[in-house]
>>> print(open('structure-v4.pdb').read())   # PDB, C-alpha atoms
ATOM      1  CA  MET S 298      36.902 -93.825  27.187
ATOM      2  CA  LEU S 299      34.383 -91.017  27.077
ATOM      3  CA  LYS S 300      30.668 -91.352  26.543
ATOM      4  CA  SER S 301      28.627 -88.604  24.933
ATOM      5  CA  ALA S 302      24.872 -88.983  25.301
ATOM      6  CA  SER S 303      22.008 -87.194  23.531
ATOM      7  CA  LEU S 304      23.763 -86.729  20.190
ATOM      8  CA  PRO S 305      21.357 -87.705  17.416
ATOM      9  CA  SER S 306      22.598 -90.340  15.010
ATOM     10  CA  THR S 307      22.367 -89.893  11.261
ATOM     11  CA  ARG S 308      22.475 -92.455   8.470
ATOM     12  CA  GLU S 309      25.797 -91.495   6.967
ATOM     13  CA  GLU S 310      27.611 -90.144   9.988
ATOM     14  CA  SER S 311      31.307 -90.543  10.539
ATOM     15  CA  VAL S 312      31.761 -91.083  14.257
ATOM     16  CA  LYS S 313      35.375 -89.872  14.079
ATOM     17  CA  ASP S 314      34.185 -86.626  12.443
ATOM     18  CA  LEU S 315      31.472 -86.347  15.099
ATOM     19  CA  ALA S 316      34.155 -86.781  17.791
ATOM     20  CA  LYS S 317      36.104 -83.909  16.204
ATOM     21  CA  ASP S 318      32.926 -81.776  16.077
ATOM     22  CA  VAL S 319      32.231 -82.422  19.766
ATOM     23  CA  GLY S 320      35.834 -81.467  20.537
ATOM     24  CA  ALA S 321      35.487 -78.224  18.594
ATOM     25  CA  ALA S 322      32.240 -77.408  20.426
ATOM     26  CA  ILE S 323      33.991 -77.681  23.806
ATOM     27  CA  GLY S 324      37.142 -75.925  22.626
ATOM     28  CA  VAL S 325      39.455 -78.918  22.137
ATOM     29  CA  GLN S 326      41.075 -79.661  18.808
ATOM     30  CA  VAL S 327      40.708 -83.401  18.183
ATOM     31  CA  GLN S 328      42.727 -84.949  15.359
ATOM     32  CA  ASP S 329      42.119 -88.337  13.723
ATOM     33  CA  SER S 330      45.323 -89.521  15.374
ATOM     34  CA  ASP S 331      43.885 -88.662  18.840
ATOM     35  CA  VAL S 332      40.993 -91.124  18.458
ATOM     36  CA  ALA S 333      41.788 -94.817  18.813
ATOM     37  CA  ILE S 334      38.168 -95.947  18.521
ATOM     38  CA  ALA S 335      34.838 -94.169  18.133
ATOM     39  CA  HIS S 336      31.524 -95.972  17.869
ATOM     40  CA  ARG S 337      27.899 -95.919  18.983
ATOM     41  CA  VAL S 338      26.502 -98.046  21.827
ATOM     42  CA  PRO S 339      22.726 -98.570  21.905
ATOM     43  CA  SER S 340      20.743 -97.474  24.923
ATOM     44  CA  TYR S 341      18.467 -99.862  26.737
ATOM     45  CA  LEU S 342      15.749 -97.226  26.181
ATOM     46  CA  LEU S 343      14.316 -97.689  22.705
ATOM     47  CA  ASN S 344      13.495 -93.997  22.163
ATOM     48  CA  LYS S 345      17.055 -92.766  22.896
ATOM     49  CA  ASP S 346      19.797 -92.329  20.339
ATOM     50  CA  PRO S 347      22.816 -94.577  20.893
ATOM     51  CA  ALA S 348      25.587 -92.963  22.921
ATOM     52  CA  LEU S 349      28.838 -92.022  21.203
ATOM     53  CA  ILE S 350      31.862 -93.725  22.754
ATOM     54  CA  ILE S 351      35.311 -92.236  22.130
ATOM     55  CA  GLN S 352      38.529 -93.963  23.157
ATOM     56  CA  PHE S 353      41.469 -91.591  22.944
ATOM     57  CA  THR S 354      44.998 -92.714  22.169
ATOM     58  CA  ASP S 355      46.230 -91.230  25.459
ATOM     59  CA  ARG S 356      44.762 -90.321  28.835
ATOM     60  CA  GLU S 357      45.920 -86.711  28.641
ATOM     61  CA  ARG S 358      43.688 -86.029  25.638
ATOM     62  CA  LYS S 359      40.749 -87.662  27.414
ATOM     63  CA  ALA S 360      41.367 -85.610  30.570
ATOM     64  CA  GLU S 361      41.708 -82.424  28.505
ATOM     65  CA  SER S 362      38.361 -83.113  26.820
ATOM     66  CA  LEU S 363      36.558 -83.885  30.087
ATOM     67  CA  ASN S 364      37.973 -80.772  31.755
ATOM     68  CA  ALA S 365      36.986 -78.575  28.801
ATOM     69  CA  TYR S 366      33.433 -79.962  28.929
ATOM     70  CA  ARG S 367      33.210 -79.374  32.684
ATOM     71  CA  LYS S 368      34.486 -75.791  32.334
ATOM     72  CA  LYS S 369      31.943 -75.108  29.604
ATOM     73  CA  ARG S 370      29.217 -76.420  31.952
ATOM     74  CA  SER S 371      26.629 -76.806  29.206
ATOM     75  CA  LEU S 372      26.729 -78.210  25.702
ATOM     76  CA  VAL S 373      23.809 -78.250  23.285
ATOM     77  CA  THR S 374      23.577 -80.464  20.202
ATOM     78  CA  ARG S 375      23.311 -77.437  17.895
ATOM     79  CA  GLU S 376      26.765 -76.351  19.033
ATOM     80  CA  VAL S 377      28.063 -79.635  17.605
ATOM     81  CA  TYR S 378      26.052 -79.559  14.384
ATOM     82  CA  GLN S 379      23.572 -76.816  13.375
ATOM     83  CA  ARG S 380      20.959 -79.218  11.978
ATOM     84  CA  PHE S 381      20.597 -81.213  15.197
ATOM     85  CA  PRO S 382      17.558 -80.445  17.371
ATOM     86  CA  ALA S 383      18.443 -78.442  20.487
ATOM     87  CA  HIS S 384      19.084 -80.945  23.296
ATOM     88  CA  ARG S 385      21.604 -80.943  26.109
ATOM     89  CA  VAL S 386      24.655 -83.156  25.552
ATOM     90  CA  TYR S 387      26.250 -85.006  28.453
ATOM     91  CA  ILE S 388      29.860 -86.168  28.413
ATOM     92  CA  SER S 389      31.216 -88.548  31.025
ATOM     93  CA  ASP S 390      33.502 -91.518  31.610
ATOM     94  CA  HIS S 391      32.223 -94.664  29.956
ATOM     95  CA  LEU S 392      31.690 -97.127  32.811
ATOM     96  CA  SER S 393      31.373-100.901  32.798
ATOM     97  CA  LEU S 394      27.989-102.271  33.849
ATOM     98  CA  GLU S 395      29.394-103.246  37.262
ATOM     99  CA  ASN S 396      30.804 -99.746  37.793
ATOM    100  CA  LYS S 397      27.468 -98.197  36.733
ATOM    101  CA  TRP S 398      25.731-100.182  39.490
ATOM    102  CA  PHE S 399      28.444 -99.186  41.948
ATOM    103  CA  GLN S 400      28.103 -95.503  41.031
ATOM    104  CA  ALA S 401      24.296 -95.699  41.264
ATOM    105  CA  SER S 402      24.612 -97.161  44.786
ATOM    106  CA  LEU S 403      27.073 -94.426  45.725
ATOM    107  CA  LYS S 404      24.799 -91.662  44.424
ATOM    108  CA  LYS S 405      21.785 -93.128  46.218
ATOM    109  CA  LYS S 406      23.682 -93.271  49.515
ATOM    110  CA  CYS S 407      24.957 -89.712  48.983
ATOM    111  CA  ARG S 408      21.382 -88.450  48.564
ATOM    112  CA  GLU S 409      20.375 -90.229  51.776
ATOM    113  CA  THR S 410      23.331 -88.876  53.775
ATOM    114  CA  ARG S 411      23.358 -85.356  52.299
ATOM    115  CA  TYR S 412      26.636 -85.693  50.483
ATOM    116  CA  THR S 413      26.718 -83.086  47.731
ATOM    117  CA  PHE S 414      29.200 -84.725  45.367
ATOM    118  CA  ALA S 415      29.529 -88.263  44.017
ATOM    119  CA  TRP S 416      31.492 -88.977  40.871
ATOM    120  CA  SER S 417      33.979 -91.209  39.138
ATOM    121  CA  CYS S 418      37.183 -90.492  37.283
ATOM    122  CA  ASP S 419      39.172 -93.239  35.567
ATOM    123  CA  SER S 420      37.063 -95.875  37.367
ATOM    124  CA  LYS S 421      37.877 -94.394  40.777
ATOM    125  CA  PHE S 422      34.960 -93.157  42.870
ATOM    126  CA  PHE S 423      34.753 -90.172  45.203
ATOM    127  CA  ALA S 424      32.247 -88.488  47.499
ATOM    128  CA  GLY S 425      32.243 -85.091  49.178
ATOM    129  CA  LYS S 426      29.939 -83.329  51.657
ATOM    130  CA  ALA S 427      30.548 -79.736  50.612
ATOM    131  CA  GLU S 428      32.849 -77.749  48.380
ATOM    132  CA  GLY S 429      36.232 -77.374  50.056
ATOM    133  CA  ASP S 430      35.721 -80.351  52.372
ATOM    134  CA  PRO S 431      38.101 -83.296  52.076
ATOM    135  CA  LEU S 432      37.054 -85.937  49.554
ATOM    136  CA  LYS S 433      36.482 -89.563  50.416
ATOM    137  CA  LYS S 434      37.758 -92.192  48.021
ATOM    138  CA  ILE S 435      35.188 -94.970  47.726
ATOM    139  CA  LEU S 436      36.743 -98.363  47.053
ATOM    140  CA  SER S 437      33.989-100.819  47.984
ATOM    141  CA  TYR S 438      30.329-101.248  48.846
ATOM    142  CA  LYS S 439      31.438-101.282  52.499
ATOM    143  CA  ASP S 440      32.846 -97.755  52.003
ATOM    144  CA  ILE S 441      29.443 -96.713  50.624
ATOM    145  CA  ASP S 442      27.667 -98.206  53.644
ATOM    146  CA  ASN S 443      30.024 -96.319  55.990
ATOM    147  CA  LEU S 444      29.126 -92.877  54.592
ATOM    148  CA  VAL S 445      27.337 -90.846  57.270
TER     149      VAL S 445
END
>>> encode(input="structure-v4.pdb", output="structure tokens")
Amino acid sequence: MLKSASLPSTREESVKDLAKDVGAAIGVQVQDSDVAIAHRVPSYLLNKDPALIIQFTDRERKAESLNAYRKKRSLVTREVYQRFPAHRVYISDHLSLENKWFQASLKKKCRETRYTFAWSCDSKFFAGKAEGDPLKKILSYKDIDNLV
């Protein structure tokens, strides 16, 4: 599943159409048949719009969308829909609450130990010191504690 944050919600929106619009903005053609489920998930912050969650019918389409977003490097709400206010849009894996805590711990430890990269892909976590260096797969909190 992908999560897209900072997209304003409207009263009569179609989340499947919004998923297609996001795809078009990053250069990926998304069909109705590509989307298994699309819905909003409220933020714990009251002043934030609910995130858009998209579950694709296959992993390849999800990976294609994430890679297209990463290559684009920046996405603004007006690129999705002209009437939206100009805000940056973030697209990432949708993580369970437990995995969010795990990733937060990993990122905190990476800042403390001067690791440059910390990320997740398909609920697998990785850390890296510098571009070109070998990556470390992080499987447990013990692996996080062992980062130096």
>>> resolve_selection(input="structure-v4.pdb", expression="the PyMOL selection byres ((chain S and resi 411-424) around 7)", output="VMD selection string")
chain S and resid 390 403 to 404 407 to 410 425 to 427 432 to 436
>>> closest_residue(input="structure-v4.pdb", among="S:Leu343, S:Ile351, S:Leu315, S:Val332", to="S:Met298", atoms="only C-alpha atoms")
S:Ile351
>>> closest_residue(input="structure-v4.pdb", among="S:Gly429, S:Tyr387, S:Ala333, S:Arg358", to="S:Arg370", atoms="only C-alpha atoms")
S:Tyr387
>>> atom_distance(input="structure-v4.pdb", atom1="atom CA of S:Gln328", atom2="atom CA of S:Lys345")
27.9 Å
>>> residues_around(input="structure-v4.pdb", residues="S:Arg367", least_positions_apart="2", cutoff="12 Å", atoms="all atoms listed in the file", output="list of chain:residue names")
S:Ile323, S:Gly324, S:Ala360, S:Glu361, S:Ser362, S:Leu363, S:Asn364, S:Ala365, S:Lys369, S:Arg370, S:Ser371, S:Leu372, S:Val386, S:Tyr387, S:Ile388, S:Ser389
>>> write_last_selection(input="structure-v4.pdb", atoms="C-alpha atoms", output="tab-separated table (two decimals), in the coordinates of the input")
chain	number	residue	atom	x	y	z
S	323	ILE	CA	33.99	-77.68	23.81
S	324	GLY	CA	37.14	-75.92	22.63
S	360	ALA	CA	41.37	-85.61	30.57
S	361	GLU	CA	41.71	-82.42	28.50
S	362	SER	CA	38.36	-83.11	26.82
S	363	LEU	CA	36.56	-83.88	30.09
S	364	ASN	CA	37.97	-80.77	31.76
S	365	ALA	CA	36.99	-78.58	28.80
S	369	LYS	CA	31.94	-75.11	29.60
S	370	ARG	CA	29.22	-76.42	31.95
S	371	SER	CA	26.63	-76.81	29.21
S	372	LEU	CA	26.73	-78.21	25.70
S	386	VAL	CA	24.66	-83.16	25.55
S	387	TYR	CA	26.25	-85.01	28.45
S	388	ILE	CA	29.86	-86.17	28.41
S	389	SER	CA	31.22	-88.55	31.02
>>> atom_distance(input="structure-v4.pdb", atom1="atom CA of S:Arg385", atom2="atom CA of S:Glu309")
22.3 Å
>>> closest_residue(input="structure-v4.pdb", among="S:Val373, S:Ile441, S:Ala383, S:Tyr366", to="S:Val325", atoms="all atoms listed in the file")
S:Tyr366
>>> closest_residue(input="structure-v4.pdb", among="S:Ile350, S:Val327, S:Leu342, S:Ala316", to="S:Leu299", atoms="only C-alpha atoms")
S:Ile350
>>> closest_residue(input="structure-v4.pdb", among="S:Lys439, S:Lys317, S:Arg308, S:Lys405", to="S:Val377", atoms="only C-alpha atoms")
S:Lys317
>>> closest_residue(input="structure-v4.pdb", among="S:Phe353, S:Val338, S:Ala321, S:Phe381", to="S:Pro305", atoms="all atoms listed in the file")
S:Phe381
>>> residues_around(input="structure-v4.pdb", residues="S:Ser340", least_positions_apart="6", cutoff="12 Å", atoms="only C-alpha atoms", output="count of residues only")
9
